[in-house]
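Novice: Handing over input.tsv, TSV, C-alpha atoms and all ligand atoms.
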chain	number	residue	atom	x	y	z
X	210	MET	CA	119.55	39.73	1.58
X	211	LYS	CA	122.18	42.21	2.65
X	212	VAL	CA	121.91	45.46	0.69
X	213	LEU	CA	124.22	48.49	0.73
X	214	MET	CA	123.00	51.80	-0.75
X	215	VAL	CA	125.82	54.05	-1.99
X	216	CYS	CA	126.01	57.68	-3.14
X	217	LEU	CA	128.73	60.35	-3.04
X	218	GLY	CA	128.27	61.97	0.37
X	219	ASN	CA	126.05	59.44	2.17
X	220	ILE	CA	123.97	62.34	3.46
X	221	CYS	CA	121.24	62.83	0.80
X	222	ARG	CA	120.30	59.95	-1.53
X	223	SER	CA	121.65	56.73	0.02
X	224	PRO	CA	120.37	57.45	3.57
X	225	LEU	CA	116.88	57.89	2.09
X	226	ALA	CA	117.27	54.71	0.03
X	227	GLN	CA	118.30	52.87	3.21
X	228	GLY	CA	115.34	54.23	5.19
X	229	ILE	CA	112.82	53.47	2.46
X	230	LEU	CA	114.02	49.89	1.95
X	231	GLU	CA	114.13	49.30	5.73
X	232	GLN	CA	110.54	50.48	6.03
X	233	LYS	CA	109.36	48.28	3.16
X	234	CYS	CA	111.19	45.23	4.52
X	235	ALA	CA	109.66	45.76	7.95
X	236	ALA	CA	106.20	46.06	6.38
X	237	ALA	CA	106.77	42.88	4.34
X	238	GLY	CA	108.19	40.92	7.29
X	239	LEU	CA	111.58	40.54	5.59
X	240	ASP	CA	114.68	40.23	7.78
X	241	TRP	CA	117.15	41.94	5.45
X	242	LYS	CA	120.28	43.80	6.51
X	243	ILE	CA	120.36	47.27	4.95
X	244	ASP	CA	123.00	49.96	5.27
X	245	SER	CA	124.36	52.93	3.30
X	246	ALA	CA	127.73	54.50	2.61
X	247	GLY	CA	129.39	57.20	0.51
X	248	THR	CA	132.25	56.99	-1.97
X	249	SER	CA	133.83	60.26	-0.77
X	250	GLY	CA	134.06	60.10	3.03
X	251	TRP	CA	133.55	63.90	3.04
X	252	HIS	CA	130.77	63.74	5.63
X	253	ASP	CA	132.05	60.90	7.84
X	254	GLY	CA	130.14	60.70	11.12
X	255	GLU	CA	127.54	63.28	10.10
X	256	ALA	CA	123.78	62.82	10.24
X	257	PRO	CA	121.85	62.96	6.94
X	258	ASP	CA	121.22	66.35	5.31
X	259	PRO	CA	118.31	68.10	7.11
X	260	ARG	CA	116.41	68.18	3.81
X	261	SER	CA	116.64	64.37	3.51
X	262	ILE	CA	115.51	63.97	7.12
X	263	GLU	CA	112.56	66.28	6.42
X	264	ILE	CA	111.37	64.54	3.24
X	265	GLY	CA	111.63	61.21	5.06
X	266	ARG	CA	109.47	62.60	7.88
X	267	GLU	CA	106.88	63.75	5.36
X	268	TYR	CA	106.59	60.15	4.14
X	269	GLY	CA	106.68	58.63	7.63
X	270	ILE	CA	110.27	57.42	7.94
X	271	ASP	CA	112.90	58.56	10.43
X	272	ILE	CA	116.46	58.58	9.08
X	273	SER	CA	117.81	61.10	11.62
X	274	GLY	CA	119.81	58.46	13.52
X	275	GLN	CA	121.97	57.46	10.54
X	276	GLN	CA	125.67	58.40	10.38
X	277	SER	CA	127.64	58.92	7.18
X	278	ARG	CA	130.52	56.56	6.50
X	279	LYS	CA	132.81	55.77	3.59
X	280	CYS	CA	132.32	52.70	1.41
X	281	THR	CA	135.23	50.21	1.67
X	282	SER	CA	136.44	46.95	0.14
X	283	ALA	CA	135.13	45.15	3.24
X	284	ASP	CA	131.61	46.02	2.12
X	285	PHE	CA	132.02	43.49	-0.68
X	286	GLU	CA	132.30	40.76	1.99
X	287	ALA	CA	129.47	42.10	4.13
X	288	PHE	CA	126.82	42.70	1.43
X	289	ASP	CA	125.14	40.67	-1.34
X	290	LEU	CA	124.04	43.69	-3.34
X	291	ILE	CA	125.66	47.14	-3.60
X	292	LEU	CA	123.43	49.75	-5.24
X	293	ALA	CA	124.88	52.90	-6.82
X	294	MET	CA	122.82	56.08	-7.27
X	295	ASP	CA	124.75	57.27	-10.36
X	296	THR	CA	127.50	56.19	-12.74
X	297	ALA	CA	130.25	58.06	-10.87
X	298	ASN	CA	129.32	56.13	-7.71
X	299	TYR	CA	129.17	52.91	-9.75
X	300	ASN	CA	132.69	53.38	-11.14
X	301	ASP	CA	134.13	54.41	-7.76
X	302	ILE	CA	132.59	51.37	-6.03
X	303	LEU	CA	134.01	49.02	-8.68
X	304	LYS	CA	137.52	50.32	-7.87
X	305	LEU	CA	137.07	48.85	-4.35
X	306	ALA	CA	136.07	45.37	-5.56
X	307	PRO	CA	138.45	42.71	-4.15
X	308	THR	CA	137.84	40.29	-7.05
X	309	GLU	CA	136.46	40.40	-10.60
X	310	GLU	CA	133.59	38.16	-9.51
X	311	SER	CA	132.59	40.51	-6.68
X	312	LYS	CA	131.98	43.32	-9.20
X	313	GLU	CA	128.75	41.51	-10.07
X	314	LYS	CA	127.32	42.70	-6.74
X	315	VAL	CA	127.30	46.32	-7.91
X	316	LYS	CA	124.21	47.59	-9.76
X	317	MET	CA	122.68	50.94	-10.69
X	318	ILE	CA	119.64	51.21	-8.42
X	319	LEU	CA	117.31	52.68	-11.07
X	320	ASN	CA	117.93	49.71	-13.36
X	321	TYR	CA	115.35	47.97	-11.15
X	322	VAL	CA	112.79	50.46	-12.50
X	323	PHE	CA	114.26	51.20	-15.95
X	324	PRO	CA	116.16	48.01	-16.89
X	325	GLY	CA	119.37	48.53	-18.81
X	326	GLU	CA	119.02	52.33	-18.99
X	327	ASN	CA	121.65	53.19	-16.35
X	328	ARG	CA	119.63	56.21	-15.24
X	329	LYS	CA	120.97	58.22	-12.32
X	330	VAL	CA	119.18	59.35	-9.18
X	331	PRO	CA	119.63	63.12	-9.60
X	332	ASP	CA	121.67	64.59	-6.75
X	333	PRO	CA	119.30	66.78	-4.68
X	334	TYR	CA	122.23	68.28	-2.75
X	335	TYR	CA	122.51	70.77	-5.60
X	336	ASP	CA	119.00	71.10	-7.09
X	337	ASP	CA	116.97	70.70	-3.88
X	338	ASN	CA	114.46	68.31	-5.50
X	339	PHE	CA	114.16	65.82	-2.66
X	340	ASP	CA	110.58	64.89	-3.50
X	341	ARG	CA	111.54	63.59	-6.95
X	342	VAL	CA	114.37	61.57	-5.40
X	343	TYR	CA	112.02	60.07	-2.84
X	344	GLY	CA	109.62	58.94	-5.58
X	345	LEU	CA	112.36	57.32	-7.65
X	346	LEU	CA	113.84	55.50	-4.66
X	347	ASP	CA	110.40	54.38	-3.48
X	348	SER	CA	109.70	52.75	-6.87
X	349	ALA	CA	113.16	51.16	-6.99
X	350	CYS	CA	112.80	49.67	-3.50
X	351	ASP	CA	109.45	48.10	-4.44
X	352	ARG	CA	111.11	46.43	-7.46
X	353	ILE	CA	114.10	45.29	-5.38
X	354	ILE	CA	111.83	43.55	-2.88
X	355	GLU	CA	109.87	41.92	-5.71
X	356	SER	CA	113.14	40.70	-7.27
X	357	PHE	CA	114.51	38.99	-4.15
X	358	SER	CA	111.54	37.76	-2.16
X	401	LIG	P1	124.65	62.58	-1.80
X	401	LIG	O1	124.70	64.17	-2.09
X	401	LIG	O2	125.78	61.97	-2.59
X	401	LIG	O3	123.30	62.17	-2.30
X	401	LIG	O4	124.81	62.41	-0.31
X	401	LIG	C1	125.84	64.96	-1.87
X	401	LIG	C2	126.19	65.30	-0.60
X	401	LIG	C3	127.28	66.12	-0.37
X	401	LIG	C4	128.00	66.60	-1.45
X	401	LIG	C5	127.65	66.24	-2.74
X	401	LIG	C6	126.56	65.43	-2.95
X	401	LIG	N1	129.12	67.47	-1.23
X	401	LIG	O5	129.68	67.99	-2.22
X	401	LIG	O6	129.51	67.66	-0.07
In structure tokens, what does this structure look like?
Specialist:
Amino acid sequence: MKVLMVCLGNICRSPLAQGILEQKCAAAGLDWKIDSAGTSGWHDGEAPDPRSIEIGREYGIDISGQQSRKCTSADFEAFDLILAMDTANYNDILKLAPTEESKEKVKMILNYVFPGENRKVPDPYYDDNFDRVYGLLDSACDRIIESFS
């Protein structure tokens, strides 16, 4: 599986989602390709937000080496599954889809925990609740691995 995690800035939620899924794949012996990107490009080249790096450290993952980049149409060729953190991300990613068929690759990540509910991962950039985000992404990544392995 090749999985791309996508949020707005690619500095808070999707870098954590990438790090968590990478850690779980390594623990499960799965050779998946995992990356993350943002719909905005506002933080291109930047490391994750220090608060995301810190919450990752508390749970034993190191995301400090990641660099923000913008999501592009080419990601639809490179990845099997493109996971949006909220509905704004979801709609922005769909605008990049090269074909109607490729839109099927885009899913709301929390639908793996709450099927069909289209719940968002709340943006901790504004409310500072990184622990809640970690818990939601941790549950989602468990379900994703169960779904595809
Ligand atoms: P993210 O959070 O989409 O989870 O990376 C944000 C990061 C930066 C901004 C907004 C949300 N910003 O406005 O710069």
Novice: Hey, what's within 10 Å of Asp240 of chain X if we count only C-alpha atoms and toss same-chain stuff fewer than 4 positions away? As number ranges by chain, please?
Specialist: X: 210-211, 231, 234-235
Novice: Quick one: everything within 12 Å of segment 329-339 of chain X, counting only C-alpha atoms, minus sequence neighbours fewer than 5 positions away in the same chain. Send it as a VMD selection string.
Specialist: chain X and resid 214 to 223 225 to 226 257 to 268 292 to 299 316 to 323 344 to 349
Novice: Any chance you could export the current selection's C-alpha atoms as a JSON list (two decimals), in the frame of the given file?
Specialist:
[["chain", "number", "residue", "atom", "x", "y", "z"],
["X", 214, "MET", "CA", 123.00, 51.80, -0.75],
["X", 215, "VAL", "CA", 125.82, 54.05, -1.99],
["X", 216, "CYS", "CA", 126.01, 57.68, -3.14],
["X", 217, "LEU", "CA", 128.73, 60.35, -3.04],
["X", 218, "GLY", "CA", 128.27, 61.97, 0.37],
["X", 219, "ASN", "CA", 126.05, 59.44, 2.17],
["X", 220, "ILE", "CA", 123.97, 62.34, 3.46],
["X", 221, "CYS", "CA", 121.24, 62.83, 0.80],
["X", 222, "ARG", "CA", 120.30, 59.95, -1.53],
["X", 223, "SER", "CA", 121.65, 56.73, 0.02],
["X", 225, "LEU", "CA", 116.88, 57.89, 2.09],
["X", 226, "ALA", "CA", 117.27, 54.71, 0.03],
["X", 257, "PRO", "CA", 121.85, 62.96, 6.94],
["X", 258, "ASP", "CA", 121.22, 66.35, 5.31],
["X", 259, "PRO", "CA", 118.31, 68.10, 7.11],
["X", 260, "ARG", "CA", 116.41, 68.18, 3.81],
["X", 261, "SER", "CA", 116.64, 64.37, 3.51],
["X", 262, "ILE", "CA", 115.51, 63.97, 7.12],
["X", 263, "GLU", "CA", 112.56, 66.28, 6.42],
["X", 264, "ILE", "CA", 111.37, 64.54, 3.24],
["X", 265, "GLY", "CA", 111.63, 61.21, 5.06],
["X", 266, "ARG", "CA", 109.47, 62.60, 7.88],
["X", 267, "GLU", "CA", 106.88, 63.75, 5.36],
["X", 268, "TYR", "CA", 106.59, 60.15, 4.14],
["X", 292, "LEU", "CA", 123.43, 49.75, -5.24],
["X", 293, "ALA", "CA", 124.88, 52.90, -6.82],
["X", 294, "MET", "CA", 122.82, 56.08, -7.27],
["X", 295, "ASP", "CA", 124.75, 57.27, -10.36],
["X", 296, "THR", "CA", 127.50, 56.19, -12.74],
["X", 297, "ALA", "CA", 130.25, 58.06, -10.87],
["X", 298, "ASN", "CA", 129.32, 56.13, -7.71],
["X", 299, "TYR", "CA", 129.17, 52.91, -9.75],
["X", 316, "LYS", "CA", 124.21, 47.59, -9.76],
["X", 317, "MET", "CA", 122.68, 50.94, -10.69],
["X", 318, "ILE", "CA", 119.64, 51.21, -8.42],
["X", 319, "LEU", "CA", 117.31, 52.68, -11.07],
["X", 320, "ASN", "CA", 117.93, 49.71, -13.36],
["X", 321, "TYR", "CA", 115.35, 47.97, -11.15],
["X", 322, "VAL", "CA", 112.79, 50.46, -12.50],
["X", 323, "PHE", "CA", 114.26, 51.20, -15.95],
["X", 344, "GLY", "CA", 109.62, 58.94, -5.58],
["X", 345, "LEU", "CA", 112.36, 57.32, -7.65],
["X", 346, "LEU", "CA", 113.84, 55.50, -4.66],
["X", 347, "ASP", "CA", 110.40, 54.38, -3.48],
["X", 348, "SER", "CA", 109.70, 52.75, -6.87],
["X", 349, "ALA", "CA", 113.16, 51.16, -6.99]]
Novice: Box time for ligand LIG 401 (chain X): axis-aligned, enclosing all its listed atoms, 5 Å extra on each side; report centre and edge lengths in Å to one decimal, as lines of an AutoDock Vina configuration file.
Specialist:
center_x = 126.5
center_y = 65.0
center_z = -1.5
size_x = 16.4
size_y = 16.0
size_z = 12.9
Novice: Closest to Leu290 of chain X among X:Gly250, X:Phe357, X:Glu255, X:Val342, using only C-alpha atoms?
Specialist: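 Looking only at the distances to Leu290 of chain X, the closest residue turns out to be X:Phe357.
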Novice: What is the distance, in Å and to one decimal place, between atom CA of Ser358 of chain X and atom CA of Ile272 of chain X?
Specialist: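 Calculated distance between atom CA of Ser358 of chain X and atom CA of Ile272 of chain X is 24.2 Å.
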Novice: For atom CA of Asp351 of chain X and atom CA of Val212 of chain X, determine how far apart the two atoms are, in Å to one decimal place.
Specialist: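 Going from atom CA of Asp351 of chain X over to atom CA of Val212 of chain X covers 13.7 Å.
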Novice: Enter the distance from atom O5 of ligand LIG 401 (chain X) to atom CA of Gly228 of chain X, in Å, rounded to one decimal.
Specialist: 21.2 Å
Novice: Using all atoms listed in the file, find the one residue out of X:Ala237, X:Arg328, X:Lys242, X:Ser277 that sits nearest to ligand LIG 401 (chain X).
Specialist: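 For ligand LIG 401 (chain X), the nearest of the candidates is X:Ser277.
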Novice: Counting all atoms listed in the file, which residue out of X:Ile229, X:Ala256, X:Ile243, X:Ala236 sits closest to Ile291 of chain X?
Specialist: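 Answer, going by the shortest atom-to-atom distance: X:Ile243.
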Novice: With distances taken over only C-alpha atoms, which of X:Gly238, X:Lys233, X:Ser273, X:Asp244 is nearest to Ala287 of chain X?
Specialist: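 Looking at the shortest contact to Ala287 of chain X, the residue is X:Asp244.
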Novice: When you count only C-alpha atoms and all ligand atoms, which of these residues is closest to ligand LIG 401 (chain X): X:Glu355, X:Gln276, X:Gly247, X:Gln227?
Specialist: X:Gly247
